[in-house]
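Below is one structure, written out as structure tokens; the observations come after it.
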Amino acid sequence: MEKTTRTDRNIDKYIDSFTPDVQRILQKIRTIIKKCAPDAEETISYGIPTFKLSENLVHFAAYKKHIGFYPTSSGILAFKKDLSVYKHARGSVQFPLNSPIPYELIKSIVKYRVTEIKEKNL
């Protein structure tokens with residue numbers, strides 16, 4: 001059995017505060033990040049789930065009409081073409097809840113960020 005930390009419970013509490021359909025989306029995003037970045041630390045930062053790998057890797061959050069995904073400005077820039085169909089800013093993107101969530105794109109962005117951070121720390 002895995003040890004549950006206070007931070008894990010806080011992220012669970014955050015996810016549990018949403019409706020079941022949004023909980024499933026958030027949990028799937030969390031699982032994708034964990035699989036792509038098994039060494040990343042889970043925490044709550046800025047009041048939202050955050051993964052750190054010597055620095056902020058990604059954040060994600062749920063809102064009334066969208067899922068916010070925050071892969072830093074480099075993550076947005078690297079996938080600018082793929083993200084062009086979504087509302088996005090320098091370090092964030094909004095995935096509307098009334099459209100399919102692009103899980104494969106999220107996976108690609110997280111993998112990119114992991115590589116980017118590891119290369120920076122060589």
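Ordering of the structure tokens sets the chain letters (A, B, ...); residue numbers start at 1 within each chain; ligands are numbered from 1 in the order shown.
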
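Excluding Tyr14 of chain A and any residue on its chain fewer than 2 positions from it, the residues at most 12 Å away by only C-alpha atoms are Thr7, Asp8, Arg9, Asn10, Ile11, Asp12, Asp16, Ser17, Phe18, Thr19, Val22, Gln23, Leu26, Gln27, Arg30, Thr43, Ile44, Ser45, Gly47, Ile48, Pro49, Thr50, Phe60, Ala61, Ala62 and Tyr63 of chain A.
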
List the neighbours of Tyr70 of chain A out to 8 Å using only C-alpha atoms; skip same-chain residues closer than 3 positions along the sequence, and give me the result as a PyMOL selection string.
chain A and resi 58-60+91-93

Grab the residues selected above and save them as a short mmCIF file (atom, residue, chain, number, x, y, z; two decimals), in the first residue's frame with C-alpha atoms.
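The resulting file, selection.cif, is reproduced below:
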data_model
loop_
_atom_site.label_atom_id
_atom_site.label_comp_id
_atom_site.auth_asym_id
_atom_site.auth_seq_id
_atom_site.Cartn_x
_atom_site.Cartn_y
_atom_site.Cartn_z
CA VAL A 58 2.79 21.71 -14.70
CA HIS A 59 -0.30 22.86 -12.81
CA PHE A 60 -3.92 22.03 -13.60
CA GLY A 91 1.75 29.93 -19.83
CA SER A 92 -1.77 28.52 -19.82
CA VAL A 93 -4.41 26.87 -21.95
#

As a check of understanding: the span from atom CA of Lys80 of chain A to atom CA of Ser108 of chain A is 12.5 Å

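For the residues A:His66, A:Phe95, A:Ser84, A:Lys118, ranking by smallest atom-to-atom distance to Asp39 of chain A using only C-alpha atoms places A:Lys118 first.
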
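Shortest separation to Lys81 of chain A among A:Leu105, A:Ile67, A:Leu57, A:Leu122 occurs at residue A:Leu105, atoms counted being only C-alpha atoms.
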
So which residues of chain A fall under alpha helix (DSSP H) by DSSP, listed as a VMD selection string?
chain A and resid 6 to 16 20 to 36 72 to 78 80 to 83 103 to 120

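The residue that comes closest to Tyr86 of chain A, out of A:Pro71, A:Pro102, A:Pro20, A:Pro38 and on the basis of only C-alpha atoms, is A:Pro102.
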
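When DSSP is run on the backbone, the residues of segment 4-108 of chain A that fall into strand (DSSP E or B) are Glu41, Glu42, Thr43, Ile44, Ser45, Ile48, Pro49, Thr50, Phe51, Lys52, Asn56, Leu57, Val58, His59, Phe60, Ala61, Ala62, His66, Ile67, Gly68, Phe69, Tyr70, Lys87, His88, Val93, Gln94, Phe95 and Pro96 of chain A.
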